[in-house]
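> Right, I'll just put the structure down here and ask away after.
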Amino acid sequence: FCIMYIYIYIYMYLGDDCCDNRREEFSSPRVMDAAWHDCADAVAQIDIGRLYNSVIYWSFTTLSTVGYGDITPCNNMEMTYTVAAMVSGSAMFAYIVGNISSVVTRRKGQELRMQEKMRDLQEYLDIRKIPRALRDQVRRQCMHRWKKAVFFDEAHVLQDLTPHMRKSVIELVHKDGLNALLGVPIFRLLWHTDQEFVLDLIVAMQHCSSQASEIITVRDDLGGDFYLIMKGYVELIDHHGKCVALLGAGDWFNDLELLSEVYNEEVLPYVYSTRAATF
C-alpha cells in the first residue's frame with residue numbers, strides 16, 4: 001500500500017500536465033493555447049474525491065497488471081512513468097503471488113512422508129482385500145504409531161553435533177523415555193558407567209503401540225525385544241492363560257531375554273506371554 005500511495009501522489013502531480021498532450025519531449029515548452037485553457041478549466045472543475053478515486057483505480061489496475069486502458073497517459077512523461085510503474089508492479093505482483101504459493105504448498109517433510117505411508121497402506125489393504133473390520137484395526141494401529149514415529153534418520157542428524165551438545169539434545173527430546181529407561185536397574189547402572197551407550201540406546205528405541213487384547217509377545221518364542229511401557233497397561237499371561245501381573249506406565253518386561261545372549265551366549269525364550277490391556 002505504501003508503494004501504491006507513492007504511485008498515486010506522483011501520478012496526481014504528473015496529471016497537472018494532462019491537457020498538454022502535444023509535448024513530445026520532457027524539455028519541450030508547454031503549448032498554452034485556447035484548447036489547453038479549455039481542458040485546464042474542465043480538469044479544475046473535477047471533484048478532488050473523484051480524482052483521488054480515479055488515481056487509486058489506476059494504481060490498482062497498473063500494479064495488478066490488469067490494465068483496462070480506460071485511463072491512459074497523455075504525454076511522454078506520463079508514459080515513461082507508467083512504464084516504470086508497470087515494470088515494478090509486475091515484479092511486486094510476481095513476488096507476492098510466489099510467496100503465497102510457497103506458503104500454501106509448504107509442508108513439513110514429516111507430514112509428506114506420513115501421507116506417503118498412508119497411501120502405501122491403503123493400496124496394500126485394497127490389493128490384499130483385507131476385510132473391513134481388520135482393515136480398520138490395521139489403519140488405527142498404524143496411525144497411532146506413525147503419529148509418534150520419526151521418519152528421518154535421527155542418529156545421522158545427531159552425529160554431526162559435539163558430544164556435549166548431542167547429549168543435551170537427546171536429554172531434551174527424549175526426556176520422558178530416558179527417565180523411564182533409567183528406572184530399569186540395569187540401565188541405571190549403565191548410566192553411571194557408560195552414558196554414551198544409554199543415549200545411543202534411547203535414540204535407537206522405536207515406538208510401538210498395541211490395541212486392547214492384542215498379543216504382544218508369545219511365551220516360548222525366542223526373546224530379544226525389550227519393552228518399556230510409557231502409557232497404558234500390559235498383562236503378563238502364564239502358560240495356563242491366566243493373568244499373573246498387570247504392568248503400567250514406567251514398568252518394563254523382557255529385559256532378561258534382551259540380555260540373555262550377552263550373559264548366556266544364547267537367546268532365551270519368553271517366560272510369559274504379554275497382552276495389551278488398553279490401547
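Numbering starts fresh at 1 for the residues of each chain in the C-alpha cells, the chains themselves are lettered A, B, ... in the order given, and ligands are numbered from 1 as they appear.
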As a PyMOL selection string, please: the residues near Gln195 of chain A (cut-off 12 Å, only C-alpha atoms, same-chain neighbours under 2 positions excluded).
chain A and resi 163-164+166-167+170-171+178+182+187-193+197-202
> If you count only C-alpha atoms, which residues fall within 8 Å of Thr82 of chain A, apart from same-chain ones fewer than 4 positions away, as a list in words?
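Contacts, with the query itself left out: Pro73, Glu78 and Met86 of chain A.
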> Save the residues we just selected, all heavy atoms, as a compact mmCIF listing (two decimals), in the first residue's frame?

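Output (part-v2.txt):
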# COMPACT_ATOMS: atom_id res chain seq x y z
N PRO A 73 -1.97 7.43 -20.20
CA PRO A 73 -1.09 8.61 -20.18
C PRO A 73 -1.27 9.44 -21.45
O PRO A 73 -1.61 8.91 -22.51
CB PRO A 73 0.31 8.00 -20.10
CG PRO A 73 0.17 6.64 -20.69
CD PRO A 73 -1.20 6.17 -20.32
N GLU A 78 4.28 11.09 -18.69
CA GLU A 78 3.35 10.15 -18.07
C GLU A 78 3.53 8.74 -18.61
O GLU A 78 3.40 7.76 -17.87
CB GLU A 78 1.92 10.63 -18.31
CG GLU A 78 1.57 11.90 -17.54
CD GLU A 78 0.14 12.33 -17.76
OE1 GLU A 78 -0.58 11.60 -18.50
OE2 GLU A 78 -0.27 13.35 -17.21
N MET A 86 4.44 -0.11 -14.38
CA MET A 86 4.05 -1.46 -14.79
C MET A 86 5.16 -2.48 -14.54
O MET A 86 4.90 -3.61 -14.13
CB MET A 86 3.65 -1.45 -16.28
CG MET A 86 2.31 -0.80 -16.54
SD MET A 86 1.74 -1.01 -18.24
CE MET A 86 2.91 0.05 -19.11
> Would you list the contacts of segment 269-277 of chain A as a ChimeraX atom specification, taking every protein, DNA or RNA residue within 10 Å and counting only C-alpha atoms, but skipping same-chain residues closer than 5 positions in sequence?
/A:209-225,232-239,241-248,253-254,256-258,260
> Mind writing the picked residues with N, CA, C and O atoms as a short mmCIF file (atom, residue, chain, number, x, y, z; two decimals), in the first residue's frame?

data_model
loop_
_atom_site.label_atom_id
_atom_site.label_comp_id
_atom_site.auth_asym_id
_atom_site.auth_seq_id
_atom_site.Cartn_x
_atom_site.Cartn_y
_atom_site.Cartn_z
N SER A 209 2.88 -49.54 19.57
CA SER A 209 1.58 -49.46 20.23
C SER A 209 0.77 -50.71 19.89
O SER A 209 0.94 -51.31 18.83
N SER A 210 -0.10 -51.08 20.81
CA SER A 210 -0.94 -52.27 20.62
C SER A 210 -2.36 -51.94 21.04
O SER A 210 -2.58 -51.14 21.97
N GLN A 211 -3.30 -52.55 20.36
CA GLN A 211 -4.69 -52.35 20.70
C GLN A 211 -5.08 -53.27 21.86
O GLN A 211 -4.42 -54.26 22.14
N ALA A 212 -6.14 -52.92 22.52
CA ALA A 212 -6.61 -53.69 23.66
C ALA A 212 -6.85 -55.15 23.27
O ALA A 212 -7.42 -55.42 22.20
N SER A 213 -6.37 -56.06 24.10
CA SER A 213 -6.50 -57.51 23.93
C SER A 213 -5.57 -58.07 22.85
O SER A 213 -5.65 -59.26 22.53
N GLU A 214 -4.71 -57.25 22.30
CA GLU A 214 -3.77 -57.73 21.28
C GLU A 214 -2.56 -58.39 21.95
O GLU A 214 -2.01 -57.87 22.92
N ILE A 215 -2.16 -59.54 21.43
CA ILE A 215 -0.99 -60.25 21.95
C ILE A 215 0.28 -59.54 21.47
O ILE A 215 0.45 -59.29 20.29
N ILE A 216 1.17 -59.24 22.43
CA ILE A 216 2.41 -58.54 22.10
C ILE A 216 3.53 -59.56 21.88
O ILE A 216 4.19 -59.54 20.84
N THR A 217 3.76 -60.41 22.85
CA THR A 217 4.75 -61.48 22.70
C THR A 217 4.12 -62.79 23.17
O THR A 217 3.18 -62.80 23.97
N VAL A 218 4.67 -63.89 22.67
CA VAL A 218 4.11 -65.22 22.96
C VAL A 218 5.15 -66.02 23.74
O VAL A 218 6.34 -66.04 23.39
N ARG A 219 4.69 -66.68 24.77
CA ARG A 219 5.55 -67.49 25.62
C ARG A 219 6.26 -68.57 24.79
O ARG A 219 5.69 -69.16 23.88
N ASP A 220 7.53 -68.79 25.12
CA ASP A 220 8.41 -69.77 24.48
C ASP A 220 8.96 -69.32 23.13
O ASP A 220 9.80 -70.03 22.55
N ASP A 221 8.49 -68.18 22.60
CA ASP A 221 9.16 -67.63 21.41
C ASP A 221 10.53 -67.09 21.82
O ASP A 221 10.73 -66.67 22.97
N LEU A 222 11.47 -67.10 20.90
CA LEU A 222 12.79 -66.58 21.22
C LEU A 222 12.71 -65.09 21.52
O LEU A 222 12.06 -64.32 20.81
N GLY A 223 13.39 -64.69 22.60
CA GLY A 223 13.35 -63.30 23.03
C GLY A 223 14.26 -62.40 22.22
O GLY A 223 14.80 -62.78 21.18
N GLY A 224 14.45 -61.22 22.74
CA GLY A 224 15.30 -60.25 22.06
C GLY A 224 14.70 -58.86 22.00
O GLY A 224 15.41 -57.89 21.77
N ASP A 225 13.38 -58.75 22.22
CA ASP A 225 12.72 -57.45 22.21
C ASP A 225 12.42 -57.01 23.64
O ASP A 225 11.73 -57.70 24.38
N GLY A 232 -0.58 -46.75 29.32
CA GLY A 232 -1.47 -47.89 29.26
C GLY A 232 -1.03 -49.03 30.16
O GLY A 232 -0.14 -48.87 31.02
N TYR A 233 -1.63 -50.20 29.94
CA TYR A 233 -1.36 -51.37 30.79
C TYR A 233 -1.14 -52.61 29.93
O TYR A 233 -1.70 -52.74 28.85
N VAL A 234 -0.30 -53.50 30.46
CA VAL A 234 0.03 -54.76 29.78
C VAL A 234 -0.13 -55.90 30.78
O VAL A 234 0.31 -55.79 31.94
N GLU A 235 -0.74 -57.00 30.34
CA GLU A 235 -0.93 -58.17 31.19
C GLU A 235 0.14 -59.22 30.91
O GLU A 235 0.48 -59.47 29.75
N LEU A 236 0.67 -59.82 31.97
CA LEU A 236 1.56 -60.97 31.84
C LEU A 236 0.72 -62.23 31.97
O LEU A 236 0.00 -62.42 32.96
N ILE A 237 0.81 -63.10 30.95
CA ILE A 237 -0.02 -64.30 30.89
C ILE A 237 0.87 -65.53 31.06
O ILE A 237 1.88 -65.67 30.35
N ASP A 238 0.52 -66.42 31.99
CA ASP A 238 1.31 -67.64 32.19
C ASP A 238 0.88 -68.72 31.21
O ASP A 238 0.03 -68.49 30.33
N HIS A 239 1.43 -69.92 31.37
CA HIS A 239 1.15 -70.99 30.40
C HIS A 239 -0.26 -71.54 30.52
O HIS A 239 -0.71 -72.31 29.67
N GLY A 241 -2.77 -69.46 30.64
CA GLY A 241 -3.60 -68.39 30.09
C GLY A 241 -4.14 -67.45 31.14
O GLY A 241 -5.05 -66.67 30.87
N LYS A 242 -3.57 -67.50 32.35
CA LYS A 242 -4.03 -66.67 33.45
C LYS A 242 -3.16 -65.44 33.59
O LYS A 242 -1.93 -65.51 33.45
N CYS A 243 -3.78 -64.29 33.88
CA CYS A 243 -3.04 -63.04 34.07
C CYS A 243 -2.38 -63.07 35.45
O CYS A 243 -3.08 -63.15 36.47
N VAL A 244 -1.07 -63.03 35.49
CA VAL A 244 -0.35 -63.10 36.76
C VAL A 244 0.16 -61.74 37.21
O VAL A 244 0.58 -61.58 38.37
N ALA A 245 0.14 -60.74 36.34
CA ALA A 245 0.60 -59.40 36.72
C ALA A 245 0.05 -58.39 35.72
O ALA A 245 -0.18 -58.70 34.55
N LEU A 246 -0.15 -57.18 36.23
CA LEU A 246 -0.61 -56.07 35.40
C LEU A 246 0.43 -54.96 35.47
O LEU A 246 0.69 -54.40 36.53
N LEU A 247 1.05 -54.68 34.35
CA LEU A 247 2.12 -53.68 34.28
C LEU A 247 1.57 -52.37 33.74
O LEU A 247 0.71 -52.36 32.85
N GLY A 248 2.06 -51.26 34.30
CA GLY A 248 1.61 -49.95 33.86
C GLY A 248 2.75 -49.07 33.42
O GLY A 248 3.88 -49.53 33.21
N PHE A 253 9.23 -55.12 30.54
CA PHE A 253 9.27 -56.59 30.52
C PHE A 253 10.21 -57.04 29.42
O PHE A 253 10.56 -56.29 28.51
N ASN A 254 10.66 -58.28 29.54
CA ASN A 254 11.59 -58.93 28.61
C ASN A 254 13.01 -58.36 28.69
O ASN A 254 13.76 -58.42 27.73
N LEU A 256 15.36 -59.55 30.75
CA LEU A 256 16.28 -60.69 30.86
C LEU A 256 16.48 -61.35 29.49
O LEU A 256 17.59 -61.78 29.16
N GLU A 257 15.40 -61.44 28.72
CA GLU A 257 15.53 -62.05 27.40
C GLU A 257 16.42 -61.19 26.49
O GLU A 257 17.16 -61.70 25.66
N LEU A 258 16.35 -59.88 26.68
CA LEU A 258 17.18 -59.00 25.87
C LEU A 258 18.65 -59.22 26.13
O LEU A 258 19.47 -59.25 25.20
N SER A 260 20.01 -61.91 27.55
CA SER A 260 20.37 -63.32 27.70
C SER A 260 21.50 -63.72 26.77
O SER A 260 22.36 -64.52 27.12
#
> Using backbone DSSP assignments, extract all alpha helix (DSSP H) residues from segment 202-279 of chain A; output them as an mmCIF file with all heavy atoms, in the first residue's frame.

data_model
loop_
_atom_site.group_PDB
_atom_site.id
_atom_site.type_symbol
_atom_site.label_atom_id
_atom_site.label_comp_id
_atom_site.auth_asym_id
_atom_site.auth_seq_id
_atom_site.Cartn_x
_atom_site.Cartn_y
_atom_site.Cartn_z
ATOM 1 N N ILE A 202 18.591 -45.093 23.703
ATOM 2 C CA ILE A 202 17.304 -44.390 23.741
ATOM 3 C C ILE A 202 16.950 -43.822 22.370
ATOM 4 O O ILE A 202 15.782 -43.758 21.992
ATOM 5 C CB ILE A 202 17.328 -43.278 24.810
ATOM 6 C CG1 ILE A 202 15.903 -42.798 25.115
ATOM 7 C CG2 ILE A 202 18.180 -42.116 24.386
ATOM 8 C CD1 ILE A 202 15.013 -43.827 25.744
ATOM 9 N N VAL A 203 17.969 -43.451 21.582
ATOM 10 C CA VAL A 203 17.712 -42.967 20.224
ATOM 11 C C VAL A 203 17.279 -44.112 19.320
ATOM 12 O O VAL A 203 16.415 -43.950 18.449
ATOM 13 C CB VAL A 203 18.971 -42.267 19.658
ATOM 14 C CG1 VAL A 203 18.781 -41.935 18.179
ATOM 15 C CG2 VAL A 203 19.282 -41.003 20.445
ATOM 16 N N ALA A 204 17.862 -45.287 19.544
ATOM 17 C CA ALA A 204 17.559 -46.444 18.694
ATOM 18 C C ALA A 204 16.207 -47.075 19.012
ATOM 19 O O ALA A 204 15.644 -47.792 18.170
ATOM 20 C CB ALA A 204 18.656 -47.495 18.834
ATOM 21 N N ASP A 255 13.372 -57.808 29.843
ATOM 22 C CA ASP A 255 14.736 -57.292 29.981
ATOM 23 C C ASP A 255 15.742 -58.445 30.069
ATOM 24 O O ASP A 255 16.849 -58.366 29.525
ATOM 25 C CB ASP A 255 14.856 -56.381 31.200
ATOM 26 C CG ASP A 255 14.312 -57.045 32.458
ATOM 27 O OD1 ASP A 255 13.345 -57.815 32.342
ATOM 28 O OD2 ASP A 255 14.851 -56.782 33.551
ATOM 29 N N LEU A 256 15.364 -59.550 30.747
ATOM 30 C CA LEU A 256 16.276 -60.687 30.855
ATOM 31 C C LEU A 256 16.480 -61.354 29.490
ATOM 32 O O LEU A 256 17.590 -61.776 29.158
ATOM 33 C CB LEU A 256 15.737 -61.705 31.868
ATOM 34 C CG LEU A 256 15.658 -61.221 33.319
ATOM 35 C CD1 LEU A 256 15.078 -62.321 34.208
ATOM 36 C CD2 LEU A 256 17.047 -60.813 33.827
ATOM 37 N N GLU A 257 15.403 -61.443 28.718
ATOM 38 C CA GLU A 257 15.525 -62.048 27.399
ATOM 39 C C GLU A 257 16.417 -61.187 26.489
ATOM 40 O O GLU A 257 17.161 -61.698 25.658
ATOM 41 C CB GLU A 257 14.137 -62.204 26.766
ATOM 42 C CG GLU A 257 13.266 -63.273 27.412
ATOM 43 C CD GLU A 257 12.548 -62.756 28.652
ATOM 44 O OE1 GLU A 257 12.877 -61.632 29.101
ATOM 45 O OE2 GLU A 257 11.665 -63.448 29.168
ATOM 46 N N LEU A 258 16.353 -59.883 26.677
ATOM 47 C CA LEU A 258 17.177 -58.997 25.866
ATOM 48 C C LEU A 258 18.654 -59.218 26.131
ATOM 49 O O LEU A 258 19.469 -59.254 25.200
ATOM 50 C CB LEU A 258 16.806 -57.531 26.162
ATOM 51 C CG LEU A 258 17.707 -56.462 25.545
ATOM 52 C CD1 LEU A 258 17.572 -56.470 24.032
ATOM 53 C CD2 LEU A 258 17.375 -55.084 26.104
ATOM 54 N N LEU A 259 19.014 -59.395 27.395
ATOM 55 C CA LEU A 259 20.422 -59.518 27.770
ATOM 56 C C LEU A 259 20.890 -60.969 27.846
ATOM 57 O O LEU A 259 22.043 -61.221 28.182
ATOM 58 C CB LEU A 259 20.654 -58.834 29.119
ATOM 59 C CG LEU A 259 20.298 -57.334 29.163
ATOM 60 C CD1 LEU A 259 20.418 -56.806 30.582
ATOM 61 C CD2 LEU A 259 21.182 -56.552 28.219
ATOM 62 N N SER A 260 20.007 -61.909 27.550
ATOM 63 C CA SER A 260 20.370 -63.315 27.704
ATOM 64 C C SER A 260 21.500 -63.719 26.767
ATOM 65 O O SER A 260 22.363 -64.522 27.125
ATOM 66 C CB SER A 260 19.146 -64.201 27.452
ATOM 67 O OG SER A 260 18.687 -64.038 26.114
ATOM 68 N N GLU A 261 21.515 -63.152 25.569
ATOM 69 C CA GLU A 261 22.554 -63.524 24.617
ATOM 70 C C GLU A 261 23.928 -63.066 25.095
ATOM 71 O O GLU A 261 24.949 -63.695 24.807
ATOM 72 C CB GLU A 261 22.247 -62.917 23.248
ATOM 73 C CG GLU A 261 23.177 -63.400 22.148
ATOM 74 C CD GLU A 261 22.763 -62.884 20.797
ATOM 75 O OE1 GLU A 261 21.804 -62.088 20.718
ATOM 76 O OE2 GLU A 261 23.398 -63.290 19.805
ATOM 77 N N VAL A 262 23.957 -61.990 25.854
ATOM 78 C CA VAL A 262 25.228 -61.476 26.358
ATOM 79 C C VAL A 262 25.745 -62.354 27.484
ATOM 80 O O VAL A 262 26.922 -62.720 27.530
ATOM 81 C CB VAL A 262 25.058 -60.016 26.841
ATOM 82 C CG1 VAL A 262 26.359 -59.497 27.447
ATOM 83 C CG2 VAL A 262 24.595 -59.128 25.693
ATOM 84 N N TYR A 263 24.833 -62.705 28.402
ATOM 85 C CA TYR A 263 25.256 -63.440 29.594
ATOM 86 C C TYR A 263 25.322 -64.948 29.366
ATOM 87 O O TYR A 263 26.184 -65.643 29.897
ATOM 88 C CB TYR A 263 24.303 -63.135 30.761
ATOM 89 C CG TYR A 263 24.412 -61.709 31.247
ATOM 90 C CD1 TYR A 263 23.429 -60.780 30.954
ATOM 91 C CD2 TYR A 263 25.513 -61.288 32.000
ATOM 92 C CE1 TYR A 263 23.517 -59.472 31.390
ATOM 93 C CE2 TYR A 263 25.620 -59.982 32.431
ATOM 94 C CZ TYR A 263 24.621 -59.081 32.136
ATOM 95 O OH TYR A 263 24.727 -57.788 32.570
ATOM 96 N N ASN A 264 24.392 -65.493 28.578
ATOM 97 C CA ASN A 264 24.303 -66.947 28.431
ATOM 98 C C ASN A 264 24.767 -67.444 27.064
ATOM 99 O O ASN A 264 24.734 -68.645 26.801
ATOM 100 C CB ASN A 264 22.850 -67.411 28.648
ATOM 101 C CG ASN A 264 22.338 -67.005 30.011
ATOM 102 O OD1 ASN A 264 23.094 -67.006 30.979
ATOM 103 N ND2 ASN A 264 21.064 -66.643 30.078
#
> Which residues, written as JSON, numbers by chain, have at least one atom at most 10 Å from Leu121 of chain A, with only C-alpha atoms counted and residues fewer than 3 positions away on the same chain left out?
{"A": [115, 116, 117, 118, 124, 125, 126, 127, 135, 138, 139, 142]}
> Take atom CA of Lys129 of chain A and atom CA of Met143 of chain A and report the distance between them in Å, one decimal.
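Answer for the atom CA of Lys129 of chain A to atom CA of Met143 of chain A separation: 19.4 Å.
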> Using only C-alpha atoms, can you tell me which of A:Leu172, A:Met79, A:Ile71, A:Ile130 comes closest to Val55 of chain A?
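Checking each candidate against Val55 of chain A, we get A:Ile71 as the closest.
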> Quick one: residues within 10 Å of Cys208 of chain A, only C-alpha atoms counted, chain neighbours fewer than 5 positions away excluded, as number ranges by chain?
A: 141-142, 144-146, 148-149, 216, 227-230
